[in-house]
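J.: Structure supplied as target.txt; contents: compact mmCIF, C-alpha atoms and all ligand atoms.
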```txt
# COMPACT_ATOMS: atom_id res chain seq x y z
CA MET A 30 -56.39 -24.90 -40.33
CA GLU A 31 -53.08 -23.05 -40.36
CA LYS A 32 -49.65 -23.95 -39.10
CA ASP A 33 -50.09 -23.74 -35.32
CA VAL A 34 -53.46 -25.50 -35.49
CA ILE A 35 -51.88 -28.30 -37.48
CA GLU A 36 -49.15 -28.73 -34.91
CA SER A 37 -51.36 -28.58 -31.83
CA SER A 38 -53.85 -31.01 -33.33
CA ILE A 39 -51.25 -33.47 -34.53
CA GLY A 40 -49.55 -33.33 -31.16
CA LYS A 41 -52.54 -35.28 -29.85
CA CYS A 42 -52.06 -38.22 -32.21
CA LEU A 43 -51.78 -41.49 -30.28
CA GLN A 44 -50.39 -43.53 -33.17
CA CYS A 45 -53.26 -45.96 -32.65
CA LEU A 46 -53.43 -46.59 -36.44
CA LYS A 47 -57.21 -46.46 -36.56
CA CYS A 48 -56.97 -43.95 -39.44
CA THR A 49 -54.64 -46.08 -41.50
CA ALA A 50 -56.61 -49.28 -40.88
CA GLY A 51 -59.71 -47.74 -42.48
CA CYS A 52 -58.10 -45.60 -45.18
CA PRO A 53 -59.13 -46.92 -48.62
CA LEU A 54 -56.03 -45.43 -50.24
CA ALA A 55 -53.46 -46.52 -47.62
CA SER A 56 -52.01 -49.36 -49.69
CA TRP A 57 -51.00 -46.92 -52.42
CA MET A 58 -49.60 -44.19 -50.16
CA ASP A 59 -45.85 -43.92 -49.56
CA TYR A 60 -46.52 -42.82 -45.96
CA LYS A 61 -49.66 -44.02 -44.19
CA PRO A 62 -51.93 -41.38 -42.59
CA ASN A 63 -50.61 -42.09 -39.06
CA GLN A 64 -47.04 -41.86 -40.37
CA ILE A 65 -47.78 -38.42 -41.82
CA ASN A 66 -48.60 -37.28 -38.30
CA ARG A 67 -45.48 -38.91 -36.88
CA ILE A 68 -43.23 -37.28 -39.46
CA ILE A 69 -44.77 -33.88 -38.74
CA GLN A 70 -44.29 -34.48 -35.01
CA MET A 71 -40.63 -35.11 -35.72
CA GLY A 72 -40.42 -31.83 -37.60
CA ASP A 73 -39.77 -33.16 -41.11
CA LYS A 74 -42.56 -31.31 -42.88
CA ASP A 75 -40.63 -31.33 -46.13
CA ARG A 76 -40.85 -35.08 -46.41
CA VAL A 77 -44.62 -34.90 -46.01
CA LEU A 78 -44.96 -32.23 -48.69
CA HIS A 79 -43.06 -34.49 -51.09
CA SER A 80 -45.22 -37.54 -50.31
CA SER A 81 -47.76 -39.21 -52.58
CA THR A 82 -50.08 -39.44 -49.55
CA ILE A 83 -51.24 -35.84 -49.67
CA TRP A 84 -52.31 -36.28 -53.31
CA LEU A 85 -53.85 -39.72 -52.99
CA CYS A 86 -56.10 -38.78 -50.07
CA VAL A 87 -59.60 -38.46 -51.56
CA GLY A 88 -61.15 -36.87 -48.48
CA CYS A 89 -63.41 -39.84 -47.77
CA GLN A 90 -63.57 -38.80 -44.08
CA THR A 91 -63.16 -42.34 -42.75
CA CYS A 92 -60.10 -41.50 -40.65
CA VAL A 93 -61.53 -38.45 -38.88
CA THR A 94 -64.78 -40.32 -38.26
CA ARG A 95 -62.96 -43.08 -36.41
CA CYS A 96 -60.06 -41.19 -34.81
CA PRO A 97 -60.30 -41.33 -30.99
CA MET A 98 -58.68 -37.86 -30.86
CA LYS A 99 -60.90 -36.42 -33.61
CA ILE A 100 -57.89 -35.32 -35.64
CA ASP A 101 -59.15 -33.90 -38.93
CA MET A 102 -56.77 -35.61 -41.34
CA PRO A 103 -58.64 -34.71 -44.55
CA HIS A 104 -58.53 -31.04 -43.61
CA LEU A 105 -54.85 -31.42 -42.74
CA MET A 106 -54.25 -32.99 -46.17
CA ASP A 107 -56.00 -29.98 -47.80
CA ASP A 108 -53.64 -27.64 -45.99
CA LEU A 109 -50.54 -29.71 -46.75
CA ARG A 110 -51.41 -29.72 -50.47
CA LYS A 111 -51.84 -25.98 -50.40
CA MET A 112 -48.46 -25.61 -48.69
CA ALA A 113 -46.81 -27.88 -51.24
CA LEU A 114 -48.24 -25.80 -54.08
CA LYS A 115 -47.13 -22.57 -52.45
CA GLU A 116 -43.62 -23.89 -52.01
CA LYS A 117 -43.69 -25.10 -55.63
CA ILE A 118 -42.92 -28.67 -54.64
CA PRO A 119 -43.66 -30.92 -57.63
CA ALA A 120 -46.61 -33.20 -56.89
CA LYS A 121 -45.60 -36.83 -56.41
CA GLU A 122 -48.87 -37.69 -58.22
CA PRO A 123 -48.74 -35.12 -61.02
CA ASN A 124 -51.88 -36.30 -62.82
CA ILE A 125 -54.01 -35.95 -59.72
CA ALA A 126 -52.76 -32.40 -59.20
CA LEU A 127 -53.30 -31.65 -62.88
CA PHE A 128 -56.88 -32.91 -62.84
CA HIS A 129 -57.79 -30.79 -59.79
CA GLN A 130 -56.20 -27.72 -61.37
CA LEU A 131 -57.99 -28.14 -64.70
CA PHE A 132 -61.26 -28.71 -62.88
CA LEU A 133 -60.86 -25.42 -61.03
CA ASN A 134 -59.89 -23.61 -64.23
CA SER A 135 -63.16 -24.80 -65.73
CA VAL A 136 -65.17 -23.58 -62.73
CA LYS A 137 -63.39 -20.25 -62.87
CA ARG A 138 -64.06 -19.86 -66.58
CA TRP A 139 -67.71 -20.96 -66.67
CA GLY A 140 -69.07 -21.07 -63.13
CA ARG A 141 -70.10 -24.69 -63.64
CA VAL A 142 -67.70 -27.39 -64.67
CA HIS A 143 -67.73 -28.25 -68.38
CA GLU A 144 -66.94 -31.95 -68.42
CA LEU A 145 -66.24 -32.37 -72.13
CA GLU A 146 -63.67 -29.59 -72.17
CA LEU A 147 -62.17 -30.76 -68.88
CA ILE A 148 -61.69 -34.32 -70.17
CA GLY A 149 -60.20 -33.05 -73.45
CA LEU A 150 -57.74 -30.76 -71.73
CA TYR A 151 -56.82 -33.41 -69.21
CA LYS A 152 -56.05 -35.89 -71.99
CA LEU A 153 -53.91 -33.39 -73.84
CA LYS A 154 -51.95 -32.26 -70.82
CA SER A 155 -51.51 -35.65 -69.18
CA GLY A 156 -50.58 -37.29 -72.48
CA GLN A 157 -53.20 -40.02 -71.89
CA LEU A 158 -54.78 -39.30 -75.24
CA PHE A 159 -56.31 -42.68 -75.92
CA ALA A 160 -57.46 -43.71 -72.47
CA ASP A 161 -61.22 -44.28 -72.19
CA MET A 162 -61.86 -43.43 -75.86
CA LYS A 163 -64.78 -45.82 -76.23
CA LEU A 164 -66.24 -44.83 -72.90
CA GLY A 165 -66.09 -41.15 -73.83
CA GLN A 166 -67.84 -41.76 -77.14
CA GLU A 167 -70.51 -43.80 -75.41
CA MET A 168 -71.14 -41.03 -72.87
CA PHE A 169 -71.33 -38.44 -75.60
CA LYS A 170 -73.83 -40.54 -77.56
CA LYS A 171 -76.00 -40.90 -74.47
CA GLY A 172 -76.08 -37.15 -73.98
CA LYS A 173 -74.01 -37.29 -70.79
CA LEU A 174 -71.32 -34.91 -72.05
CA LYS A 175 -72.62 -31.62 -73.32
CA LEU A 176 -70.98 -29.74 -76.17
CA LEU A 177 -71.56 -26.31 -74.67
CA PRO A 178 -70.79 -25.15 -71.14
CA GLU A 179 -73.38 -23.77 -68.70
CA MET A 180 -72.47 -20.38 -67.34
CA ALA A 181 -73.20 -19.04 -63.86
CA GLY A 182 -72.17 -16.45 -61.32
CA GLN A 183 -69.65 -14.82 -63.60
CA LYS A 184 -68.84 -11.61 -61.70
CA ASP A 185 -69.06 -13.12 -58.22
CA LEU A 186 -66.81 -16.00 -59.14
CA GLN A 187 -64.08 -13.79 -60.56
CA GLN A 188 -64.03 -12.02 -57.23
CA ILE A 189 -64.04 -15.25 -55.20
CA PHE A 190 -61.13 -16.65 -57.19
CA ARG A 191 -59.22 -13.37 -56.82
CA GLU A 192 -59.74 -13.33 -53.07
CA CYS A 193 -58.84 -16.99 -52.54
CA LYS A 194 -55.40 -17.02 -54.04
CA MET B 7 -96.86 -29.10 -50.76
CA MET B 8 -93.38 -29.01 -49.30
CA ARG B 9 -90.91 -26.58 -50.82
CA PHE B 10 -87.12 -26.72 -50.99
CA SER B 11 -84.38 -24.77 -52.69
CA TYR B 12 -82.91 -27.25 -55.09
CA TYR B 13 -79.18 -27.51 -55.73
CA PRO B 14 -78.67 -30.02 -58.58
CA GLY B 15 -74.91 -29.56 -59.03
CA CYS B 16 -72.98 -29.95 -62.29
CA SER B 17 -73.22 -33.74 -62.58
CA LEU B 18 -77.00 -33.78 -62.54
CA HIS B 19 -76.95 -31.53 -65.58
CA SER B 20 -74.57 -33.82 -67.47
CA THR B 21 -73.22 -37.25 -66.55
CA GLY B 22 -75.99 -37.83 -63.99
CA LYS B 23 -78.89 -36.57 -66.12
CA GLU B 24 -81.01 -39.60 -65.24
CA TYR B 25 -80.56 -38.77 -61.55
CA GLU B 26 -81.94 -35.30 -62.15
CA GLU B 27 -84.87 -36.55 -64.21
CA SER B 28 -85.82 -39.26 -61.73
CA THR B 29 -85.40 -36.85 -58.80
CA GLU B 30 -87.78 -34.33 -60.33
CA VAL B 31 -90.46 -36.85 -61.24
CA VAL B 32 -90.35 -38.66 -57.89
CA CYS B 33 -90.43 -35.42 -55.88
CA GLN B 34 -93.35 -34.18 -57.91
CA ALA B 35 -95.23 -37.42 -57.25
CA LEU B 36 -94.61 -36.98 -53.51
CA GLY B 37 -95.66 -33.34 -53.41
CA ILE B 38 -92.20 -31.85 -52.93
CA GLU B 39 -91.63 -28.68 -54.90
CA LEU B 40 -88.00 -28.22 -55.87
CA VAL B 41 -87.17 -24.61 -56.72
CA GLU B 42 -83.80 -24.56 -58.44
CA ILE B 43 -81.43 -22.01 -56.90
CA PRO B 44 -81.11 -19.31 -59.57
CA ASP B 45 -77.64 -18.96 -61.10
CA TRP B 46 -76.07 -21.52 -58.72
CA ASN B 47 -72.37 -22.21 -59.22
CA CYS B 48 -70.28 -25.38 -59.00
CA CYS B 49 -69.53 -26.54 -55.43
CA GLY B 50 -65.88 -27.13 -56.39
CA ALA B 51 -66.28 -30.92 -56.03
CA SER B 52 -63.06 -32.50 -54.70
CA ALA B 53 -60.85 -30.08 -56.61
CA ALA B 54 -61.56 -26.86 -54.72
CA HIS B 55 -60.97 -28.12 -51.19
CA SER B 56 -58.05 -30.25 -52.37
CA LEU B 57 -56.11 -27.25 -53.62
CA ASN B 58 -57.59 -24.39 -51.62
CA HIS B 59 -59.88 -25.06 -48.68
CA GLN B 60 -60.98 -21.43 -48.46
CA LEU B 61 -61.97 -21.40 -52.12
CA SER B 62 -64.29 -24.33 -51.49
CA ILE B 63 -65.95 -22.49 -48.59
CA GLN B 64 -66.39 -19.32 -50.65
CA LEU B 65 -67.81 -21.08 -53.70
CA ASN B 66 -70.40 -22.72 -51.50
CA SER B 67 -71.03 -19.58 -49.52
CA ARG B 68 -72.41 -17.97 -52.68
CA ASN B 69 -74.90 -20.82 -53.13
CA LEU B 70 -75.92 -20.64 -49.46
CA LEU B 71 -76.58 -16.92 -49.79
CA LEU B 72 -78.68 -17.43 -52.91
CA ALA B 73 -80.75 -20.04 -51.08
CA GLN B 74 -81.09 -17.77 -48.07
CA ASP B 75 -82.57 -15.10 -50.33
CA ALA B 76 -85.08 -17.63 -51.61
CA GLY B 77 -86.01 -18.48 -48.02
CA PHE B 78 -86.14 -22.27 -48.13
CA ASP B 79 -83.87 -25.04 -46.90
CA ILE B 80 -81.68 -26.67 -49.53
CA ALA B 81 -82.27 -30.19 -50.85
CA VAL B 82 -79.25 -31.79 -52.56
CA PRO B 83 -79.30 -35.13 -54.40
CA CYS B 84 -75.49 -35.31 -54.95
CA SER B 85 -73.49 -36.48 -51.94
CA ALA B 86 -70.34 -34.56 -52.90
CA CYS B 87 -72.23 -31.26 -53.30
CA TYR B 88 -74.09 -32.03 -50.07
CA HIS B 89 -70.81 -32.44 -48.21
CA ASN B 90 -69.28 -29.23 -49.57
CA LEU B 91 -72.39 -27.14 -48.89
CA LYS B 92 -72.66 -28.56 -45.37
CA GLN B 93 -68.99 -27.89 -44.69
CA ALA B 94 -69.42 -24.24 -45.73
CA LYS B 95 -72.66 -23.92 -43.79
CA GLU B 96 -70.87 -25.00 -40.63
CA GLU B 97 -67.78 -22.87 -41.06
CA LEU B 98 -69.85 -19.80 -41.91
CA LYS B 99 -72.59 -20.57 -39.36
CA SER B 100 -75.26 -20.01 -42.00
CA ASN B 101 -78.92 -20.43 -41.04
CA VAL B 102 -79.90 -22.28 -44.18
CA GLN B 103 -80.38 -26.00 -43.61
CA VAL B 104 -78.57 -28.24 -46.08
CA ARG B 105 -80.32 -31.58 -46.51
CA HIS B 106 -79.57 -34.60 -48.62
CA LEU B 107 -82.58 -35.56 -50.70
CA LEU B 108 -82.44 -39.00 -49.08
CA ASP B 109 -82.92 -37.32 -45.70
CA VAL B 110 -85.85 -35.26 -47.04
CA LEU B 111 -87.71 -38.30 -48.35
CA TYR B 112 -86.93 -40.48 -45.38
CA HIS B 113 -87.70 -37.98 -42.63
CA GLU B 114 -90.14 -35.49 -44.16
CA ILE B 115 -92.22 -37.80 -46.35
CA GLY B 116 -91.64 -40.98 -44.38
CA ILE B 117 -91.72 -44.67 -45.17
CA ASP B 118 -95.49 -45.04 -44.73
CA ASN B 119 -96.29 -42.36 -47.28
CA ILE B 120 -93.72 -43.77 -49.69
CA ARG B 121 -95.24 -47.23 -49.32
CA LYS B 122 -98.66 -45.80 -50.19
CA MET B 123 -97.25 -44.55 -53.50
CA VAL B 124 -96.00 -47.97 -54.59
CA LYS B 125 -98.04 -49.20 -57.57
CA ARG B 126 -95.93 -52.21 -58.44
CA SER B 127 -93.87 -53.99 -55.85
CA LEU B 128 -90.34 -54.69 -57.02
CA SER B 129 -90.24 -58.09 -55.42
CA GLY B 130 -87.45 -60.24 -56.79
CA LEU B 131 -85.10 -57.28 -57.26
CA LYS B 132 -82.11 -58.03 -55.06
CA VAL B 133 -80.36 -54.78 -54.22
CA ALA B 134 -77.22 -53.70 -52.39
CA PRO B 135 -77.77 -50.17 -51.01
CA TYR B 136 -74.57 -48.15 -51.34
CA TYR B 137 -74.17 -44.89 -49.37
CA GLY B 138 -70.51 -44.18 -50.10
CA CYS B 139 -68.47 -41.71 -48.09
CA LEU B 140 -70.15 -38.38 -47.84
CA ILE B 141 -73.73 -39.08 -46.80
CA THR B 142 -72.85 -40.14 -43.28
CA ARG B 143 -69.29 -38.87 -42.87
CA PRO B 144 -67.94 -36.87 -41.16
CA PRO B 145 -70.49 -37.43 -38.39
CA LYS B 146 -72.20 -34.32 -37.04
CA GLU B 147 -74.57 -33.79 -34.14
CA ASN B 148 -77.44 -33.53 -36.58
CA SER B 149 -76.42 -36.42 -38.88
CA PHE B 150 -79.57 -37.91 -40.35
CA ASP B 151 -78.48 -41.53 -40.38
CA SER B 152 -76.14 -43.91 -38.56
CA ILE B 153 -72.45 -43.41 -39.43
CA GLU B 154 -71.30 -46.95 -40.03
CA GLN B 155 -74.66 -48.66 -40.43
CA PRO B 156 -77.00 -46.26 -42.29
CA GLN B 157 -80.55 -47.53 -42.85
CA SER B 158 -82.54 -44.80 -44.62
CA MET B 159 -81.97 -46.07 -48.17
CA ASP B 160 -82.38 -49.69 -47.03
CA ARG B 161 -85.84 -48.88 -45.68
CA LEU B 162 -86.93 -46.86 -48.72
CA LEU B 163 -85.90 -49.74 -50.98
CA ASP B 164 -87.65 -52.21 -48.72
CA ALA B 165 -90.82 -50.11 -48.95
CA CYS B 166 -90.60 -50.49 -52.75
CA GLY B 167 -90.66 -54.27 -52.32
CA CYS B 168 -86.98 -54.84 -53.13
CA GLU B 169 -85.07 -57.59 -51.44
CA VAL B 170 -82.45 -55.56 -49.57
CA MET B 171 -79.23 -57.53 -49.16
CA LYS B 172 -77.01 -57.09 -46.12
CA TRP B 173 -73.39 -56.29 -46.87
CA SER B 174 -70.48 -54.67 -45.05
CA TYR B 175 -69.39 -52.30 -47.81
CA LYS B 176 -72.24 -49.79 -47.91
CA THR B 177 -70.07 -46.88 -46.73
CA ASP B 178 -66.77 -47.87 -48.35
CA CYS B 179 -65.09 -45.50 -50.81
CA CYS B 180 -65.39 -45.81 -54.63
CA GLY B 181 -62.21 -43.82 -55.29
CA GLY B 182 -64.08 -40.58 -55.93
CA SER B 183 -62.23 -37.99 -57.94
CA LEU B 184 -59.35 -40.29 -58.95
CA SER B 185 -61.34 -41.89 -61.78
CA LEU B 186 -59.33 -40.24 -64.57
CA SER B 187 -56.09 -39.39 -62.78
CA GLN B 188 -55.49 -42.74 -61.05
CA THR B 189 -57.77 -45.13 -62.92
CA PRO B 190 -56.15 -48.41 -61.73
CA ILE B 191 -56.84 -47.51 -58.09
CA VAL B 192 -60.49 -46.77 -58.81
CA VAL B 193 -60.81 -50.03 -60.78
CA ASN B 194 -59.40 -51.86 -57.78
CA LEU B 195 -61.76 -50.22 -55.26
CA VAL B 196 -64.85 -50.50 -57.48
CA THR B 197 -64.21 -54.12 -58.43
CA LYS B 198 -64.02 -55.01 -54.75
CA LEU B 199 -67.39 -53.31 -54.15
CA ILE B 200 -68.99 -55.12 -57.09
CA ASN B 201 -67.64 -58.49 -55.95
CA MET B 202 -68.84 -57.95 -52.41
CA ALA B 203 -72.31 -56.93 -53.59
CA LYS B 204 -72.42 -60.05 -55.74
CA GLN B 205 -71.28 -62.23 -52.86
CA ALA B 206 -74.09 -60.75 -50.76
CA GLY B 207 -76.50 -61.99 -53.43
CA ALA B 208 -77.35 -58.64 -55.03
CA ASP B 209 -78.18 -58.21 -58.73
CA CYS B 210 -77.49 -54.50 -58.68
CA ILE B 211 -76.14 -51.66 -56.55
CA ILE B 212 -78.20 -48.59 -55.62
CA THR B 213 -76.45 -45.25 -55.12
CA ALA B 214 -77.33 -41.71 -54.08
CA CYS B 215 -74.36 -39.95 -55.68
CA PRO B 216 -73.57 -39.26 -59.36
CA MET B 217 -69.84 -39.66 -58.81
CA CYS B 218 -70.28 -43.08 -57.17
CA GLN B 219 -72.71 -44.11 -59.90
CA ALA B 220 -70.29 -43.15 -62.68
CA ASN B 221 -67.32 -44.84 -61.02
CA LEU B 222 -69.26 -48.02 -60.30
CA GLU B 223 -70.51 -48.23 -63.88
CA MET B 224 -67.31 -47.25 -65.67
CA ARG B 225 -64.67 -48.87 -63.51
CA GLN B 226 -66.03 -52.34 -62.78
CA ASP B 227 -63.72 -54.92 -64.27
CA GLY B 228 -65.08 -57.94 -66.11
CA THR B 229 -68.65 -57.63 -64.80
CA LYS B 230 -71.77 -55.85 -65.97
CA MET B 231 -73.63 -55.18 -62.77
CA PRO B 232 -76.33 -52.51 -63.20
CA ILE B 233 -76.02 -49.46 -60.94
CA PHE B 234 -79.25 -47.57 -60.23
CA TYR B 235 -79.93 -44.26 -58.60
CA TRP B 236 -82.23 -44.72 -55.62
CA THR B 237 -84.71 -42.29 -57.20
CA GLU B 238 -84.90 -44.51 -60.29
CA VAL B 239 -85.91 -47.44 -58.11
CA LEU B 240 -88.61 -45.33 -56.45
CA GLY B 241 -89.75 -44.26 -59.93
CA MET B 242 -90.03 -47.90 -61.02
CA ALA B 243 -92.07 -48.76 -57.95
CA PHE B 244 -94.31 -45.72 -58.41
CA GLY B 245 -95.10 -46.96 -61.93
CA ILE B 246 -93.61 -43.90 -63.61
CA LYS B 247 -93.45 -44.20 -67.40
CA GLU B 248 -90.19 -42.33 -68.03
CA ILE B 249 -88.06 -45.11 -66.53
CA GLN B 250 -87.09 -46.42 -69.96
CA SER B 251 -85.53 -43.13 -70.96
CA TRP B 252 -83.51 -43.04 -67.72
CA PHE B 253 -82.25 -46.57 -68.16
CA LYS B 254 -81.15 -45.85 -71.75
CA LYS B 255 -78.61 -43.38 -70.38
CA HIS B 256 -76.86 -46.00 -68.27
CA LEU B 257 -73.43 -47.19 -69.38
CA VAL B 258 -74.20 -50.64 -68.01
CA SER B 259 -77.65 -51.40 -69.34
CA PRO B 260 -80.12 -52.56 -66.69
CA MET B 261 -82.62 -53.61 -69.39
CA ASN B 262 -81.93 -57.35 -69.14
CA LEU B 263 -82.35 -57.34 -65.39
CA VAL B 264 -85.54 -55.30 -65.57
CA ALA B 265 -86.94 -57.55 -68.31
CA ARG B 266 -85.99 -60.76 -66.51
CA LEU B 267 -87.92 -59.69 -63.43
CA ASN B 268 -90.79 -58.34 -65.47
CA LEU B 269 -90.52 -54.94 -63.82
S1 LIG C 301 -56.67 -42.51 -35.65
FE1 LIG C 301 -56.15 -40.45 -34.86
S2 LIG C 301 -54.96 -40.81 -33.03
FE2 LIG C 301 -55.02 -42.76 -34.13
S3 LIG C 301 -53.14 -42.75 -35.37
FE3 LIG C 301 -54.77 -41.90 -36.64
S4 LIG C 301 -54.68 -39.68 -36.34
FE4 LIG C 301 -53.49 -40.64 -34.68
S1 LIG C 302 -59.77 -38.88 -45.77
FE1 LIG C 302 -57.86 -39.33 -46.83
S2 LIG C 302 -56.47 -40.09 -45.26
FE2 LIG C 302 -58.53 -40.14 -44.40
S3 LIG C 302 -59.22 -42.25 -44.77
FE3 LIG C 302 -59.93 -41.00 -46.49
S4 LIG C 302 -58.35 -41.15 -48.08
FE4 LIG C 302 -57.46 -41.88 -46.13
```
Transcribe the structure of this file into structure tokens.
T.:
Amino acid sequence: MEKDVIESSIGKCLQCLKCTAGCPLASWMDYKPNQINRIIQMGDKDRVLHSSTIWLCVGCQTCVTRCPMKIDMPHLMDDLRKMALKEKIPAKEPNIALFHQLFLNSVKRWGRVHELELIGLYKLKSGQLFADMKLGQEMFKKGKLKLLPEMAGQKDLQQIFRECK
Amino acid sequence: MMRFSYYPGCSLHSTGKEYEESTEVVCQALGIELVEIPDWNCCGASAAHSLNHQLSIQLNSRNLLLAQDAGFDIAVPCSACYHNLKQAKEELKSNVQVRHLLDVLYHEIGIDNIRKMVKRSLSGLKVAPYYGCLITRPPKENSFDSIEQPQSMDRLLDACGCEVMKWSYKTDCCGGSLSLSQTPIVVNLVTKLINMAKQAGADCIITACPMCQANLEMRQDGTKMPIFYWTEVLGMAFGIKEIQSWFKKHLVSPMNLVARLNL
């Protein structure tokens, strides 16, 4: 979905609030999903790109499932995040952005995500060094976090990541 | 013998190991051959589409092509992988069918055949079936279950003799990928799910997604409700011996519950 698609689709929004009523994250968002559409309709895209909403949306698909106009909000949120990154707008929820980025780095490096490394790097970079310590140890003991990564698709993935900048 | 290309996804090789093990054993018992897609790559989980929609499509396109070479439809136990593969399949108009393992067992094997496999009825086990977000949403023309009121897992569990509790939260969100980056939100969402399952009279929640299972186990607050994979429940009912080794991997031990009901 690129710019014109976003605008033509959002133009159809009825402000019926069905999306917001069912959104599991709405209570934590600075602008509710329907408000995101309204703000875009009013031409203030910048405000949307600075919102916590675009980062808190988990893509649960509840809104698009229930929207009478079939407006694909989760896809819109994907595109808004991408725009925010491109315009180097600092994420209002920096840890969420950081986690996604580290996850992708891991996929790029190995082809399959390496959880142990991902968690370690996330802790270091977010500064949340001691969160979930016991839980992590427990998972390691139960063999749920592997020491070594699994590798896959090396050459193909380098190309895919290059092409999808 | 029914044959599928099998896409386990990263979680089933790590945090959801018991889902992989129970999936393999149960499918074998039912005569489903799962042929792992060679050299499959990560589906990008929530991260890829969150930062770069096209990247998510391309990552999954590679897996679709590998499955196409193998010539079978894809069976996926993880709901997040299932969603990403399906999304790519639709955007790229690929011919490979992407099917959730729940769909395969429910529609290809069928309740009657599952019931025939049950060696010990799990009567007394009060379960809350939990589908989460990405099994039924977003709805498509060929969706395999009802959007707001899915029944496939309910019926499979019923066939195993479980007492299936009715509750209104079976497709509510667990907080997904925010588990590490916004823990308090996930604790809030998960605790609500646990309380609602309890209020409905359930002793445990049954999931079909490794991310939901991990969030429900790790982020419940002040309770110790066991969270099973649906394939583990089938394994128990089929009298499969390995169940103990699956249950040992759980972060919330289901041993007391299993012992209390003599299962
Ligand atoms: S449900 Fe659809 S039409 Fe209604 S407010 Fe939300 S986006 Fe607009
Ligand atoms: S997809 Fe995003 S905006 Fe829509 S209901 Fe889910 S969390 Fe809310």
J.: Between CA of Arg138 in chain A and CA of Glu26 in chain B, what is the spacing in Å?
T.: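 We find that CA of Glu26 in chain B and CA of Arg138 in chain A lie 24.0 Å from each other.
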J.: Would you mind listing the residues within 10 Å of ligand LIG 301 (chain C), counting only C-alpha atoms and all ligand atoms, as a PyMOL selection string?
T.: chain A and resi 38-52+61-67+91-102
J.: Could you name the residues that touch Leu174 in chain A at 8 Å or less, counting all atoms listed in the file, but leaving out those on the same chain fewer than 6 positions away, as number ranges by chain?
T.: A: 144-145, 168; B: 20-21
J.: With all atoms listed in the file considered, list every residue of chain B at most 6 Å from chain A, as a count of residues only.
T.: 14
J.: Expressed in Å to a single decimal, how great is the separation between CA of Lys163 in chain A and CA of Trp252 in chain B?
T.: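 Going from CA of Lys163 in chain A over to CA of Trp252 in chain B, I get 20.8 Å.
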J.: Find the distance between CA of Cys180 in chain B and CA of Leu78 in chain A and write it in Å to one decimal.
T.: 25.2 Å
